[in-house]
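The structure appears below as structure tokens.
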Amino acid sequence: MATIDADVRALLEGANIAHVATLMPDGSPLSVAVWAGWEGDRVVFFTQAGSQKARNLARDPRIAISVVDRENPYRTGRVRGRVAERREGEAAFPAMDVLAQKHTGKPFPMRGPDTVTFVIEVEKASSMVLPFQPLPGG
């Protein structure tokens, strides 16, 4: 298990949007925005079992995750790792609700048997802050 960069931990603990990158069958990358967070020293996110990212991870458990600070887009974090656990159906709901609560203040309203939570074992994590200021309004 990798040592977790404190800033990466803080970024994923906050209500920031993350992007997960998985590998398509032909080896090309797929990047998708998700809500992500921590369970101990593992990253968690959820999706639907039939989504392309879920199908990609079922075939190849390698994943990269980037996260950008919503207040300062020049503060970023990245994680590389592998799927350590896949929780389906009702077992996926607790992590899903924690993430929804963080982002919306409410449990996730849609529940289905095809919900899946992925638990990621971190192999490498790093962060960076660039010395820029965002322009007003963008």
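Each chain of the structure tokens is named A, B, ... in the order shown, its residues numbered from 1; ligands are numbered from 1 in display order.
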Ala36 of chain A environment, 12 Å, only C-alpha atoms, sequence neighbours closer than 4 positions dropped, as number ranges by chain: A: 8-20, 32, 42-47, 65-68, 79, 95-103, 117-120
Using C-alpha atoms, can you export the residues from the last selection as a compact mmCIF listing (two decimals), in the first residue's frame?
```txt
# COMPACT_ATOMS: atom_id res chain seq x y z
CA VAL A 8 -4.75 14.12 -2.07
CA ARG A 9 -6.57 12.90 1.03
CA ALA A 10 -7.94 16.41 1.68
CA LEU A 11 -9.01 16.88 -1.95
CA LEU A 12 -10.96 13.61 -1.98
CA GLU A 13 -12.44 14.31 1.45
CA GLY A 14 -13.85 17.59 0.10
CA ALA A 15 -16.82 18.00 -2.21
CA ASN A 16 -14.61 18.02 -5.31
CA ILE A 17 -15.27 16.26 -8.58
CA ALA A 18 -12.88 13.49 -9.51
CA HIS A 19 -12.21 11.89 -12.89
CA VAL A 20 -11.55 8.18 -13.22
CA VAL A 32 -15.39 10.02 -16.61
CA ARG A 42 -8.78 3.23 -0.06
CA VAL A 43 -10.60 5.38 -2.59
CA VAL A 44 -14.28 4.65 -3.28
CA PHE A 45 -16.71 5.69 -6.01
CA PHE A 46 -19.91 4.25 -7.41
CA THR A 47 -21.54 3.74 -10.79
CA ILE A 65 -8.08 9.12 -10.64
CA SER A 66 -7.56 12.87 -10.76
CA VAL A 67 -9.26 15.43 -8.55
CA VAL A 68 -9.38 19.23 -8.83
CA VAL A 79 -4.07 8.47 -7.67
CA ALA A 95 -20.59 4.35 0.29
CA MET A 96 -22.91 5.82 -2.33
CA ASP A 97 -24.89 7.64 0.36
CA VAL A 98 -21.76 8.99 2.07
CA LEU A 99 -20.62 10.48 -1.25
CA ALA A 100 -24.06 11.88 -2.07
CA GLN A 101 -24.32 13.41 1.40
CA LYS A 102 -20.95 15.12 0.90
CA HIS A 103 -21.98 16.59 -2.47
CA THR A 117 -19.21 0.65 -5.55
CA PHE A 118 -15.56 0.21 -6.41
CA VAL A 119 -12.94 0.22 -3.67
CA ILE A 120 -9.49 1.16 -4.97
```
All strand (DSSP E or B) residues (DSSP, backbone) inside chain A, as a PyMOL selection string: chain A and resi 17-23+29-39+42-48+62-68+75-88+115-129
Selection: 7 Å around segment 54-62 of chain A, only C-alpha atoms, excl. self and same-chain fewer than 3 positions, as a list in words: Thr22, Leu23, Met24, Ala49, Gly50, Ser51, Gly81, Arg82 and Val83 of chain A
Proximity to Ala92 of chain A - best of A:Asp114, A:Asp7, A:Asp69, A:Glu39, only C-alpha atoms: A:Asp114
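Every protein or nucleic acid residue with an atom no more than 8 Å from Gly89 of chain A, counting only C-alpha atoms and leaving out same-chain residues fewer than 2 positions away, appears here: Arg87, Ala91, Ala92, Phe93, Gly112, Pro113, Asp114, Thr115 and Val116 of chain A.
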Distance criterion (only C-alpha atoms): nearest to Arg70 of chain A out of A:Glu123, A:Thr104, A:Pro134, A:Met110: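 Checking each of A:Glu123, A:Thr104, A:Pro134, A:Met110 against Arg70 of chain A, counting only C-alpha atoms, the winner is A:Pro134.
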Nearest candidate to Ile4 of chain A (options A:Glu121, A:Asp41, A:Glu85, A:Asp26; using only C-alpha atoms):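 Ranked by minimum distance to Ile4 of chain A, first place goes to A:Asp41.
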Let's see if you can do this: from backbone DSSP, list all helix (DSSP H, G or I) residues in segment 16-135 of chain A, as an mmCIF file with C-alpha atoms, in the first residue's frame.
```cif
data_model
loop_
_atom_site.group_PDB
_atom_site.id
_atom_site.type_symbol
_atom_site.label_atom_id
_atom_site.label_comp_id
_atom_site.auth_asym_id
_atom_site.auth_seq_id
_atom_site.Cartn_x
_atom_site.Cartn_y
_atom_site.Cartn_z
ATOM 1 C CA GLN A 52 -18.440 1.455 -19.654
ATOM 2 C CA LYS A 53 -16.113 2.224 -16.727
ATOM 3 C CA ALA A 54 -17.540 -0.710 -14.734
ATOM 4 C CA ARG A 55 -17.140 -3.048 -17.707
ATOM 5 C CA ASN A 56 -13.581 -1.785 -18.235
ATOM 6 C CA LEU A 57 -12.680 -2.366 -14.560
ATOM 7 C CA ALA A 58 -14.178 -5.873 -14.638
ATOM 8 C CA ARG A 59 -11.765 -6.681 -17.464
ATOM 9 C CA GLY A 89 -26.648 -3.862 -5.031
ATOM 10 C CA GLU A 90 -27.491 -3.023 -1.425
ATOM 11 C CA ALA A 91 -23.859 -3.496 -0.376
ATOM 12 C CA ALA A 92 -22.997 -0.518 -2.629
ATOM 13 C CA PHE A 93 -25.486 1.882 -1.003
ATOM 14 C CA PRO A 94 -23.599 2.922 2.182
ATOM 15 C CA ALA A 95 -20.586 4.353 0.295
ATOM 16 C CA MET A 96 -22.915 5.817 -2.335
ATOM 17 C CA ASP A 97 -24.887 7.639 0.362
ATOM 18 C CA VAL A 98 -21.756 8.992 2.068
ATOM 19 C CA LEU A 99 -20.616 10.475 -1.247
ATOM 20 C CA ALA A 100 -24.064 11.879 -2.066
ATOM 21 C CA GLN A 101 -24.317 13.414 1.402
ATOM 22 C CA LYS A 102 -20.947 15.122 0.898
ATOM 23 C CA HIS A 103 -21.982 16.587 -2.469
ATOM 24 C CA THR A 104 -25.721 17.257 -2.034
#
```
6 Å contact set for Ala21 of chain A, only C-alpha atoms, chain neighbours under 4 positions out, as a ChimeraX atom specification: /A:30-31,63-64
May I have the selected residues written with N, CA and C atoms, as a short mmCIF file (atom, residue, chain, number, x, y, z; two decimals), in the first residue's frame?
```cif
data_model
loop_
_atom_site.label_atom_id
_atom_site.label_comp_id
_atom_site.auth_asym_id
_atom_site.auth_seq_id
_atom_site.Cartn_x
_atom_site.Cartn_y
_atom_site.Cartn_z
N LEU A 30 -10.50 5.89 -21.18
CA LEU A 30 -11.83 6.46 -20.97
C LEU A 30 -11.75 7.24 -19.67
N SER A 31 -12.14 8.51 -19.68
CA SER A 31 -12.13 9.34 -18.48
C SER A 31 -13.55 9.84 -18.22
N ILE A 63 -6.60 1.59 -12.60
CA ILE A 63 -7.37 2.83 -12.66
C ILE A 63 -6.48 4.01 -12.30
N ALA A 64 -6.78 5.15 -12.88
CA ALA A 64 -6.16 6.41 -12.48
C ALA A 64 -7.30 7.36 -12.12
#
```
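The interatomic distance for the pair atom CA of Glu88 of chain A and atom CA of Pro107 of chain A works out to 17.2 Å.
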Point-to-point distance from atom CA of Pro73 of chain A to atom CA of Ala33 of chain A, Å rounded to tenths: 15.0 Å
Selection: 9 Å around Tyr74 of chain A, only C-alpha atoms, excl. self and same-chain fewer than 6 positions, as a ChimeraX atom specification: /A:68,128-134
Requested write-out: N, CA and C atoms of the selected residues, as a short mmCIF file (atom, residue, chain, number, x, y, z; two decimals), in the first residue's frame:
```
data_model
loop_
_atom_site.label_atom_id
_atom_site.label_comp_id
_atom_site.auth_asym_id
_atom_site.auth_seq_id
_atom_site.Cartn_x
_atom_site.Cartn_y
_atom_site.Cartn_z
N VAL A 68 -9.70 17.80 -8.75
CA VAL A 68 -9.38 19.23 -8.83
C VAL A 68 -10.15 19.95 -7.73
N MET A 128 -0.31 18.56 -6.44
CA MET A 128 0.45 19.70 -6.94
C MET A 128 -0.41 20.95 -6.79
N VAL A 129 0.24 22.06 -6.48
CA VAL A 129 -0.41 23.36 -6.48
C VAL A 129 0.43 24.28 -7.35
N LEU A 130 -0.18 24.79 -8.40
CA LEU A 130 0.52 25.73 -9.27
C LEU A 130 0.31 27.16 -8.76
N PRO A 131 1.26 28.04 -8.98
CA PRO A 131 1.19 29.40 -8.41
C PRO A 131 0.36 30.38 -9.25
N PHE A 132 -0.82 29.97 -9.67
CA PHE A 132 -1.69 30.82 -10.46
C PHE A 132 -2.95 31.15 -9.67
N GLN A 133 -3.64 32.19 -10.06
CA GLN A 133 -4.93 32.55 -9.50
C GLN A 133 -5.99 32.39 -10.59
N PRO A 134 -7.10 31.76 -10.28
CA PRO A 134 -8.16 31.65 -11.29
C PRO A 134 -8.67 33.03 -11.68
#
```
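Straight-line separation from atom CA of Asn72 of chain A to atom CA of Leu135 of chain A: 10.4 Å.
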Residue contacts of Ser127 of chain A (8 Å, only C-alpha atoms) excluding same-chain residues fewer than 4 positions away, as a VMD selection string: chain A and resid 5 7 to 8 75 to 78
